[in-house]
$ cat upload_11.txt   # compact mmCIF, C-alpha atoms and all ligand atoms
# COMPACT_ATOMS: atom_id res chain seq x y z
CA MET A 4 36.69 -21.08 5.54
CA THR A 5 38.60 -18.50 3.48
CA THR A 6 36.76 -15.41 2.37
CA SER A 7 36.61 -14.94 -1.38
CA GLU A 8 38.10 -11.71 -2.65
CA TRP A 9 34.88 -10.62 -4.29
CA THR A 10 33.10 -10.34 -0.93
CA ARG A 11 34.57 -6.85 -0.50
CA HIS A 12 32.03 -5.73 -3.11
CA LEU A 13 29.10 -6.73 -0.91
CA ARG A 14 27.16 -3.79 0.43
CA PRO A 15 28.50 -3.38 3.96
CA ALA A 16 25.01 -2.74 5.38
CA LEU A 17 23.84 -6.26 4.49
CA ALA A 18 26.01 -7.92 7.13
CA GLY A 19 24.01 -6.26 9.90
CA LEU A 20 20.55 -6.99 8.48
CA ASP A 21 18.32 -9.96 9.22
CA VAL A 22 16.82 -12.39 6.72
CA TYR A 23 13.02 -12.38 6.98
CA ASP A 24 12.20 -16.05 7.10
CA ILE A 25 9.49 -17.97 8.86
CA GLU A 26 9.56 -21.73 8.85
CA PRO A 27 6.13 -23.14 8.03
CA VAL A 28 4.93 -25.18 10.98
CA PRO A 29 1.50 -26.72 11.42
CA VAL A 30 -0.46 -24.61 13.92
CA LYS A 31 -3.96 -24.56 15.35
CA ALA A 32 -4.33 -20.79 15.33
CA ARG A 33 -2.24 -18.51 13.12
CA LEU A 34 -2.50 -15.16 14.87
CA ALA A 35 0.89 -13.66 14.01
CA ALA A 36 0.78 -12.91 10.28
CA ASN A 37 -1.85 -10.11 9.99
CA GLU A 38 -3.84 -11.98 7.35
CA LEU A 39 -7.60 -12.07 6.93
CA ALA A 40 -8.33 -15.32 8.76
CA GLU A 41 -11.75 -15.95 7.18
CA PRO A 42 -11.53 -18.61 4.44
CA TRP A 43 -13.14 -18.11 1.02
CA PRO A 44 -16.34 -20.07 0.43
CA MET A 45 -16.06 -23.18 -1.78
CA GLU A 46 -18.06 -21.57 -4.63
CA VAL A 47 -15.34 -18.89 -4.96
CA VAL A 48 -12.51 -21.41 -4.75
CA GLN A 49 -14.13 -23.41 -7.56
CA GLU A 50 -14.51 -20.36 -9.80
CA VAL A 51 -10.88 -19.48 -9.16
CA GLY A 52 -9.90 -23.00 -10.22
CA LYS A 53 -11.81 -22.65 -13.49
CA ARG A 54 -10.26 -19.26 -14.21
CA VAL A 55 -6.74 -20.55 -13.57
CA ALA A 56 -7.39 -23.51 -15.87
CA GLN A 57 -7.99 -21.06 -18.74
CA LEU A 58 -4.57 -19.43 -18.43
CA GLU A 59 -1.97 -19.95 -21.11
CA LEU A 60 0.93 -20.97 -18.93
CA ASN A 61 3.39 -20.71 -21.81
CA ARG A 62 2.67 -16.99 -22.29
CA TYR A 63 3.92 -13.99 -20.35
CA PRO A 64 1.28 -12.00 -18.51
CA ASP A 65 0.52 -8.38 -19.36
CA THR A 66 3.66 -6.35 -18.63
CA SER A 67 2.02 -4.06 -16.10
CA GLY A 68 -1.32 -5.73 -15.29
CA ARG A 69 -3.44 -3.33 -17.36
CA LYS A 70 -6.83 -4.91 -16.59
CA LEU A 71 -6.24 -5.07 -12.88
CA ARG A 72 -4.82 -1.54 -12.85
CA ALA A 73 -7.97 -0.35 -14.62
CA LEU A 74 -10.17 -2.03 -11.98
CA LEU A 75 -8.22 -0.49 -9.11
CA ALA A 76 -8.15 2.87 -10.86
CA GLN A 77 -11.95 2.71 -11.18
CA ARG A 78 -12.26 2.15 -7.43
CA HIS A 79 -10.25 5.29 -6.76
CA ALA A 80 -11.63 7.22 -9.75
CA VAL A 81 -8.13 7.89 -11.10
CA ASP A 82 -6.34 7.45 -14.43
CA PRO A 83 -5.14 3.82 -14.76
CA GLU A 84 -1.72 5.28 -15.62
CA ALA A 85 -1.51 6.47 -12.00
CA VAL A 86 -1.70 2.90 -10.68
CA VAL A 87 1.43 0.76 -10.29
CA LEU A 88 1.23 -2.87 -9.20
CA GLY A 89 3.82 -4.68 -7.13
CA CYS A 90 4.51 -8.20 -5.97
CA GLY A 91 3.01 -7.16 -2.66
CA SER A 92 3.48 -3.64 -1.39
CA ASP A 93 6.88 -4.89 -0.25
CA GLU A 94 8.01 -4.63 -3.86
CA LEU A 95 6.48 -1.17 -4.24
CA ILE A 96 8.45 0.02 -1.20
CA GLY A 97 11.57 -1.10 -3.09
CA PHE A 98 10.53 0.78 -6.25
CA LEU A 99 9.95 3.97 -4.27
CA LEU A 100 13.32 3.72 -2.56
CA THR A 101 15.14 2.94 -5.78
CA ALA A 102 13.46 5.80 -7.65
CA LEU A 103 13.86 8.34 -4.86
CA GLY A 104 17.18 7.07 -3.54
CA GLY A 105 18.78 10.42 -4.23
CA ARG A 106 21.92 11.52 -5.96
CA PRO A 107 25.47 10.41 -5.12
CA SER A 108 26.32 13.99 -4.13
CA GLU A 109 23.47 14.13 -1.65
CA PRO A 110 23.07 10.99 0.47
CA SER A 111 19.37 10.56 0.98
CA PHE A 112 17.46 9.36 3.99
CA ILE A 113 13.95 8.40 4.89
CA VAL A 114 11.90 9.14 7.98
CA VAL A 115 9.79 6.46 9.64
CA PRO A 116 7.93 6.57 12.91
CA THR A 117 8.93 3.67 15.13
CA PRO A 118 7.72 1.05 15.66
CA THR A 119 6.20 0.59 12.23
CA PHE A 120 6.22 -1.90 9.37
CA GLN A 121 9.78 -3.17 9.35
CA MET A 122 10.19 -3.44 5.58
CA TYR A 123 10.39 0.35 5.13
CA GLY A 124 13.63 0.58 7.11
CA HIS A 125 14.95 -2.80 5.96
CA ALA A 126 14.50 -2.03 2.25
CA ALA A 127 16.14 1.39 2.70
CA ARG A 128 19.14 -0.03 4.56
CA CYS A 129 19.60 -2.71 1.86
CA ARG A 130 20.02 0.15 -0.63
CA GLY A 131 22.40 2.14 1.55
CA ILE A 132 19.73 4.76 2.26
CA GLY A 133 19.74 6.25 5.77
CA VAL A 134 16.79 5.72 8.09
CA LEU A 135 15.75 8.26 10.70
CA GLU A 136 13.45 6.57 13.20
CA VAL A 137 11.13 8.79 15.21
CA PRO A 138 9.61 7.17 18.29
CA LEU A 139 5.84 7.24 18.63
CA THR A 140 4.37 8.76 21.78
CA GLU A 141 3.58 6.49 24.75
CA GLU A 142 0.01 6.40 23.41
CA LEU A 143 1.39 5.08 20.09
CA GLU A 144 0.49 8.31 18.26
CA LEU A 145 2.74 10.26 15.89
CA ASP A 146 4.97 12.75 17.72
CA GLU A 147 4.36 15.78 15.53
CA THR A 148 7.25 17.89 16.83
CA LEU A 149 9.83 15.12 16.50
CA MET A 150 8.52 14.11 13.07
CA HIS A 151 8.76 17.70 11.90
CA GLU A 152 12.35 17.98 13.15
CA ALA A 153 13.43 14.70 11.54
CA LEU A 154 11.89 15.56 8.18
CA GLY A 155 13.83 18.82 8.09
CA VAL A 156 17.28 17.40 8.89
CA ALA A 157 20.01 18.50 6.41
CA THR A 158 18.49 18.90 2.95
CA GLY A 159 15.32 17.09 3.98
CA ALA A 160 14.04 13.51 3.86
CA ALA A 161 13.41 11.93 0.46
CA LEU A 162 10.58 9.75 1.71
CA CYS A 163 8.40 9.32 4.76
CA PHE A 164 6.35 6.13 5.19
CA LEU A 165 3.18 6.42 7.25
CA ALA A 166 1.13 3.27 7.80
CA ARG A 167 -2.42 4.11 8.85
CA PRO A 168 -3.60 1.98 10.65
CA ASN A 169 -0.06 1.20 11.75
CA ASN A 170 1.59 -2.18 12.11
CA PRO A 171 2.51 -3.37 14.75
CA THR A 172 0.60 -0.91 16.97
CA SER A 173 -2.88 -1.07 15.36
CA SER A 174 -3.13 2.68 16.00
CA LEU A 175 -4.90 5.10 13.67
CA TRP A 176 -2.81 8.25 13.68
CA ASP A 177 -4.40 11.69 13.81
CA ALA A 178 -5.25 12.69 10.25
CA ALA A 179 -4.72 16.39 10.98
CA VAL A 180 -1.10 15.75 12.05
CA ILE A 181 -0.43 13.86 8.83
CA GLU A 182 -2.02 16.58 6.69
CA ARG A 183 0.15 19.20 8.40
CA LEU A 184 3.38 17.21 7.92
CA ILE A 185 2.59 16.75 4.23
CA ALA A 186 1.87 20.44 3.77
CA GLN A 187 4.96 21.59 5.67
CA HIS A 188 7.40 19.30 3.83
CA PRO A 189 6.63 19.58 0.11
CA ALA A 190 10.13 18.31 -0.81
CA THR A 191 9.48 14.94 0.86
CA VAL A 192 7.36 12.21 -0.71
CA PHE A 193 4.90 10.85 1.86
CA VAL A 194 3.72 7.29 1.35
CA LEU A 195 0.30 6.82 2.92
CA ASP A 196 0.19 3.07 3.42
CA GLU A 197 -3.40 2.03 4.03
CA ALA A 198 -2.78 -1.72 4.00
CA TYR A 199 -5.25 -2.20 6.89
CA ILE A 200 -7.81 0.46 5.99
CA SER A 201 -10.61 -2.10 5.53
CA TYR A 202 -10.46 -2.60 9.30
CA ALA A 203 -10.96 1.11 9.99
CA PRO A 204 -14.16 1.80 8.05
CA GLY A 205 -14.61 5.43 7.06
CA ALA A 206 -11.09 6.43 8.10
CA THR A 207 -9.32 6.51 4.75
CA LEU A 208 -7.20 9.52 3.87
CA TRP A 209 -7.65 8.74 0.20
CA ARG A 210 -9.25 11.58 -1.74
CA GLN A 211 -9.15 12.96 -5.23
CA GLY A 212 -6.42 15.52 -5.67
CA LEU A 213 -4.06 14.55 -2.85
CA PRO A 214 -1.01 16.86 -2.81
CA ASP A 215 1.63 15.99 -5.41
CA ASN A 216 4.08 14.83 -2.72
CA VAL A 217 1.77 11.97 -1.66
CA VAL A 218 1.78 8.37 -2.85
CA TYR A 219 -1.24 6.35 -1.78
CA MET A 220 -0.43 2.68 -1.23
CA SER A 221 -2.49 -0.37 -0.35
CA THR A 222 -2.53 -4.12 -0.82
CA LEU A 223 -4.84 -7.04 -1.47
CA SER A 224 -2.93 -9.05 1.16
CA LYS A 225 -5.02 -7.95 4.12
CA ILE A 226 -8.39 -8.48 2.44
CA GLY A 227 -8.22 -12.19 1.84
CA LEU A 228 -5.70 -12.43 -1.00
CA ALA A 229 -2.30 -12.60 0.68
CA ALA A 230 -1.34 -15.62 -1.44
CA LEU A 231 -1.49 -13.52 -4.63
CA ARG A 232 1.18 -11.04 -3.50
CA ILE A 233 -0.42 -7.96 -5.03
CA GLY A 234 0.11 -4.46 -3.74
CA TYR A 235 -0.72 -1.25 -5.56
CA LEU A 236 -0.09 2.43 -5.38
CA VAL A 237 -1.52 5.59 -6.86
CA ALA A 238 1.36 7.84 -7.87
CA PRO A 239 1.39 11.58 -8.53
CA PRO A 240 2.08 12.38 -12.24
CA ALA A 241 5.82 13.11 -11.93
CA LEU A 242 6.50 9.79 -10.19
CA ARG A 243 4.68 7.46 -12.59
CA ARG A 244 7.42 7.10 -15.19
CA PRO A 245 10.30 6.76 -12.69
CA LEU A 246 8.44 4.00 -10.83
CA ASN A 247 7.76 2.13 -14.06
CA VAL A 248 11.38 2.51 -15.13
CA VAL A 249 12.58 0.72 -12.00
CA ARG A 250 9.75 -1.87 -12.02
CA ASN A 251 10.57 -5.16 -13.69
CA PRO A 252 8.16 -5.97 -16.51
CA TYR A 253 5.76 -8.86 -15.74
CA ASN A 254 6.24 -8.33 -12.01
CA VAL A 255 2.79 -9.68 -11.17
CA SER A 256 2.10 -13.23 -12.35
CA ALA A 257 -0.71 -14.07 -14.76
CA THR A 258 -2.28 -16.28 -12.09
CA SER A 259 -2.35 -13.51 -9.54
CA GLN A 260 -3.66 -10.96 -12.02
CA ALA A 261 -6.45 -13.30 -13.15
CA ILE A 262 -7.57 -14.27 -9.65
CA ALA A 263 -7.55 -10.68 -8.44
CA GLU A 264 -9.59 -9.53 -11.44
CA LEU A 265 -12.12 -12.30 -10.83
CA VAL A 266 -12.51 -11.55 -7.13
CA LEU A 267 -12.72 -7.78 -7.56
CA THR A 268 -15.36 -8.03 -10.28
CA LYS A 269 -17.45 -11.02 -9.13
CA PHE A 270 -16.94 -11.58 -5.44
CA ASP A 271 -16.82 -8.13 -3.97
CA GLY A 272 -19.89 -8.90 -1.84
CA VAL A 273 -18.40 -12.15 -0.51
CA GLN A 274 -15.22 -10.30 0.38
CA LYS A 275 -17.13 -7.57 2.21
CA ALA A 276 -19.02 -10.22 4.22
CA MET A 277 -15.70 -11.84 5.20
CA LEU A 278 -14.38 -8.47 6.38
CA THR A 279 -17.56 -7.82 8.37
CA ARG A 280 -17.13 -11.18 10.13
CA SER A 281 -13.53 -10.33 10.85
CA LEU A 282 -14.50 -6.97 12.38
CA ALA A 283 -16.92 -8.80 14.69
CA ALA A 284 -14.16 -11.27 15.56
CA ARG A 285 -11.90 -8.34 16.48
CA GLN A 286 -14.44 -7.36 19.16
CA LYS A 287 -14.27 -10.89 20.47
CA LEU A 288 -10.45 -10.83 20.47
CA VAL A 289 -10.35 -7.53 22.35
CA GLY A 290 -12.81 -8.99 24.89
CA LEU A 291 -10.57 -12.01 25.43
CA LEU A 292 -7.48 -9.86 25.92
CA GLU A 293 -9.25 -7.46 28.28
CA LYS A 294 -9.85 -10.36 30.64
CA ILE A 295 -6.12 -10.77 31.26
CA PRO A 296 -5.50 -9.48 34.80
CA LYS A 297 -3.68 -6.11 34.90
CA ALA A 298 -3.35 -6.00 31.09
CA ARG A 299 -3.82 -2.92 28.92
CA VAL A 300 -5.38 -3.42 25.50
CA PHE A 301 -4.61 -0.57 23.11
CA PRO A 302 -7.31 0.62 20.67
CA ALA A 303 -7.36 -1.79 17.71
CA HIS A 304 -7.90 -0.32 14.25
CA ALA A 305 -6.28 -3.08 12.16
CA ASN A 306 -6.80 -6.84 12.05
CA PHE A 307 -4.75 -7.37 15.18
CA ALA A 308 -4.69 -6.00 18.71
CA VAL A 309 -1.85 -5.01 21.00
CA VAL A 310 -1.96 -5.94 24.66
CA ARG A 311 0.54 -4.92 27.33
CA LEU A 312 1.08 -7.52 30.04
CA ASP A 313 2.17 -6.84 33.59
CA PRO A 314 4.93 -7.56 34.50
CA ALA A 315 6.57 -6.89 31.12
CA GLY A 316 8.48 -10.20 31.13
CA GLU A 317 5.14 -12.01 30.86
CA ALA A 318 4.93 -11.27 27.12
CA ALA A 319 7.72 -13.68 26.15
CA ARG A 320 6.49 -16.38 28.55
CA VAL A 321 2.88 -16.17 27.35
CA ALA A 322 3.86 -16.11 23.65
CA GLU A 323 5.99 -19.22 24.20
CA ALA A 324 3.29 -21.03 26.22
CA LEU A 325 0.71 -20.26 23.51
CA ALA A 326 3.11 -21.49 20.80
CA GLN A 327 3.44 -24.78 22.68
CA ARG A 328 -0.34 -25.09 22.37
CA GLY A 329 -0.20 -24.40 18.61
CA ILE A 330 -1.27 -20.75 18.86
CA LEU A 331 1.09 -18.28 17.20
CA VAL A 332 1.10 -14.67 18.39
CA LYS A 333 3.86 -12.08 18.07
CA ASP A 334 5.97 -11.12 21.06
CA ALA A 335 6.48 -7.42 20.30
CA SER A 336 8.10 -6.62 23.62
CA ALA A 337 11.57 -5.88 22.19
CA LEU A 338 10.20 -3.08 19.98
CA PRO A 339 10.39 0.58 21.02
CA ARG A 340 7.30 1.68 23.01
CA LEU A 341 5.97 -1.89 23.11
CA ALA A 342 7.71 -3.26 26.21
CA GLY A 343 5.63 -6.11 27.61
CA CYS A 344 3.37 -6.20 24.54
CA LEU A 345 1.94 -9.00 22.44
CA ARG A 346 0.47 -8.42 18.99
CA VAL A 347 -2.40 -10.83 18.47
CA GLY A 348 -4.16 -11.29 15.13
CA VAL A 349 -7.90 -11.49 14.63
CA GLY A 350 -8.49 -15.16 13.97
CA THR A 351 -11.62 -17.00 13.00
CA ASN A 352 -14.18 -17.64 15.73
CA ALA A 353 -12.83 -21.15 16.18
CA GLU A 354 -9.25 -19.89 16.49
CA LEU A 355 -10.31 -17.33 19.07
CA ASP A 356 -12.12 -20.00 21.09
CA LEU A 357 -8.83 -21.91 21.22
CA LEU A 358 -7.03 -18.73 22.26
CA GLY A 359 -9.51 -18.12 25.10
CA LYS A 360 -9.04 -21.65 26.43
CA ALA A 361 -5.27 -21.42 26.17
CA LEU A 362 -5.14 -18.05 27.95
CA ALA A 363 -7.07 -19.59 30.83
CA GLU A 364 -4.45 -22.35 31.06
CA VAL A 365 -1.45 -20.11 30.74
CA ILE A 366 -2.29 -16.95 32.69
CA PRO A 367 -2.93 -17.17 36.44
CA GLY A 368 -6.24 -15.50 37.34
CA TYR A 369 -7.65 -15.60 33.80
CA PRO A 370 -11.36 -16.48 34.02
CA ALA A 371 -11.60 -20.14 33.04
CA ALA A 372 -15.04 -19.94 31.45
CA ALA A 373 -14.01 -17.26 28.98
CA THR A 374 -14.06 -18.34 25.35
C1 LIG B 401 1.70 -1.58 7.02
C2 LIG B 401 2.01 -2.65 6.03
N1 LIG B 401 2.22 -2.31 4.76
C3 LIG B 401 2.50 -3.23 3.83
C4 LIG B 401 2.60 -4.56 4.17
C5 LIG B 401 3.03 -5.55 3.11
O1 LIG B 401 2.00 -6.03 2.42
P1 LIG B 401 2.20 -6.94 1.14
O2 LIG B 401 1.71 -8.28 1.55
O3 LIG B 401 1.33 -6.27 0.12
O4 LIG B 401 3.64 -6.94 0.74
C6 LIG B 401 2.37 -4.98 5.46
C7 LIG B 401 2.46 -6.41 5.81
O5 LIG B 401 2.30 -6.85 6.88
C8 LIG B 401 2.09 -3.99 6.43
O6 LIG B 401 1.93 -4.32 7.72
$ encode --input "upload_11.txt" --output "structure tokens" --more "lines below"
Ligand SMILES: Cc1ncc(COP(=O)(O)O)c(C=O)c1O
Amino acid sequence: MTTSEWTRHLRPALAGLDVYDIEPVPVKARLAANELAEPWPMEVVQEVGKRVAQLELNRYPDTSGRKLRALLAQRHAVDPEAVVLGCGSDELIGFLLTALGGRPSEPSFIVVPTPTFQMYGHAARCRGIGVLEVPLTEELELDETLMHEALGVATGAALCFLARPNNPTSSLWDAAVIERLIAQHPATVFVLDEAYISYAPGATLWRQGLPDNVVYMSTLSKIGLAALRIGYLVAPPALRRPLNVVRNPYNVSATSQAIAELVLTKFDGVQKAMLTRSLAARQKLVGLLEKIPKARVFPAHANFAVVRLDPAGEAARVAEALAQRGILVKDASALPRLAGCLRVGVGTNAELDLLGKALAEVIPGYPAAAT
């Protein structure tokens, strides 16, 4: 095949980046996608159906999702103008990088602890923005000294993404360290990504009057609405206009806006009950993983747990053996600091029963009666 001449215009970085693609396969337990596993009750599904039926499919939605922004703003007691919606927080990460991508004279870079949510680094590299990765400590905590050094390289980082709780480690980083980094680096915008905060009750770093170099970000994806693809952020005043300049109008569909508004106003209680069940299921998951001989289960603050198997090569074998039984977990063992580790999502009770049975089949010495 000859290469067309125009290909020289492709961004060179793209050749070395992976496509994020997961083929949908029927599974018995989906424990690799960090979703809320609890299904919505039928009464909610029916109401959603009625609401969707009322939509005018021939009309564009509101350009910026005003009603939904107002609802989210109310929750955080902020001006609705501070709230920006995205097609998932993935899209918001893109807006932030585009807006703060720096000037041609001053190549910009971002700082991310590693391992963390892969889209921060991926989205930066797609835009030709440098990525400084700072390894977590062995205990999967932020390394304050190394973070401080990285943030101060050259003219300073444009952005620093901090997921708390973090994916894929499920760790809840020390709030005092984060506060100090924010205070010591006022020329860097810190994105506090609390996608999983519902699984760490009482731990939010959200407060009125966060410093003006902080963007607070979260998503509806982890609280039962992943299908809608809605993320949101609360931006400091000087960042609101730039983010809306780079945002495409109508970036959240009418269907998603309508369903989110309905759930947030009418089914808040149902949603809370689903999250409570999921927190109980996390206890069950941790119990199942702790029964693996010689394994170490790290503290779980999100809707998944990380377990280190011994020997390290077991992680790939166990993930594969579980997949053959229709149970999907993530083999995280190739990631920095996670040698030998699996990341296992909190499933429903039924899914976790299947996991318990499968672990007994797959892992020598695993107590057979455990479910
Ligand atoms: C820490 C973190 N932030 C953001 C996201 C993306 O969420 P969304 O579905 O809103 O794009 C994820 C998804 O797994 C995540 O782990």
$ residues_around --input "upload_11.txt" --residues "stretch 72-80 of chain A" --least-positions-apart "4" --cutoff "10 Å" --atoms "only C-alpha atoms" --output "ChimeraX atom specification"
/A:67-68,84-88,209-211,235-237,260,263-264,267-268
$ closest_atom_pairs --input "upload_11.txt" --of "chain A" --to "ligand LIG 401 (chain B)" --cutoff "10 Å" --atoms "all atoms listed in the file" --output "tab-separated table"
residue	atom	partner	partner_atom	distance
A:Ala35	CA	B:LIG401	O5	10.0
A:Ala36	CA	B:LIG401	O5	7.1
A:Asn37	CA	B:LIG401	O5	6.1
A:Glu38	CA	B:LIG401	O5	8.0
A:Leu88	CA	B:LIG401	O3	9.9
A:Gly89	CA	B:LIG401	O3	7.8
A:Cys90	CA	B:LIG401	O4	6.9
A:Gly91	CA	B:LIG401	O3	3.4
A:Ser92	CA	B:LIG401	O3	3.7
A:Asp93	CA	B:LIG401	O4	4.0
A:Glu94	CA	B:LIG401	O4	6.8
A:Leu95	CA	B:LIG401	O4	8.1
A:Ile96	CA	B:LIG401	C3	8.4
A:Thr119	CA	B:LIG401	C1	7.2
A:Phe120	CA	B:LIG401	C1	5.1
A:Gln121	CA	B:LIG401	O6	8.1
A:Met122	CA	B:LIG401	C4	7.8
A:Tyr123	CA	B:LIG401	N1	8.6
A:Phe164	CA	B:LIG401	C1	9.2
A:Leu165	CA	B:LIG401	C1	8.1
A:Ala166	CA	B:LIG401	C1	4.9
A:Arg167	CA	B:LIG401	C1	7.3
A:Pro168	CA	B:LIG401	C1	7.3
A:Asn169	CA	B:LIG401	C1	5.8
A:Asn170	CA	B:LIG401	O6	4.9
A:Pro171	CA	B:LIG401	O6	7.1
A:Thr172	CA	B:LIG401	O6	9.9
A:Ser173	CA	B:LIG401	C1	9.5
A:Leu195	CA	B:LIG401	C1	9.5
A:Asp196	CA	B:LIG401	N1	5.9
A:Glu197	CA	B:LIG401	C1	6.9
A:Ala198	CA	B:LIG401	N1	5.1
A:Tyr199	CA	B:LIG401	C1	7.0
A:Ile200	CA	B:LIG401	C1	9.8
A:Met220	CA	B:LIG401	N1	8.2
A:Ser221	CA	B:LIG401	O3	7.0
A:Thr222	CA	B:LIG401	O3	4.5
A:Leu223	CA	B:LIG401	O3	6.4
A:Ser224	CA	B:LIG401	O2	4.7
A:Lys225	CA	B:LIG401	O2	7.2
A:Leu228	CA	B:LIG401	O2	8.9
A:Ala229	CA	B:LIG401	O2	6.0
A:Ala230	CA	B:LIG401	O2	8.5
A:Leu231	CA	B:LIG401	O2	8.7
A:Arg232	CA	B:LIG401	O2	5.8
A:Ile233	CA	B:LIG401	O3	5.7
A:Gly234	CA	B:LIG401	O3	4.4
A:Tyr235	CA	B:LIG401	O3	7.9
A:Ala305	CA	B:LIG401	O6	9.4
$ closest_residue --input "upload_11.txt" --among "A:Ala315, A:Leu278, A:Val180, A:Leu291" --to "A:Asp146" --atoms "all atoms listed in the file"
A:Val180
$ closest_residue --input "upload_11.txt" --among "A:Gly348, A:Gly227, A:Gly212, A:Gly329" --to "A:Val310" --atoms "all atoms listed in the file"
A:Gly348
$ atom_distance --input "upload_11.txt" --atom1 "atom CA of A:Gly105" --atom2 "atom CA of A:Cys129"
14.5 Å
$ residues_near_point --input "upload_11.txt" --point "(-11.0, -12.4, 16.4)" --cutoff "6 Å" --atoms "all atoms listed in the file" --output "PyMOL selection string"
chain A and resi 284-285+287-288+349-351+355
$ residues_around --input "upload_11.txt" --residues "stretch 15-32 of chain A" --least-positions-apart "6" --cutoff "12 Å" --atoms "all atoms listed in the file" --output "MDAnalysis selection string"
chainID A and resid 38 40 121:122 124:133 325:332 347:359 361
$ atom_distance --input "upload_11.txt" --atom1 "atom CA of A:Arg62" --atom2 "atom CA of A:Ile262"
16.5 Å
$ atom_distance --input "upload_11.txt" --atom1 "atom CA of A:Thr279" --atom2 "atom CA of A:Ala308"
16.6 Å
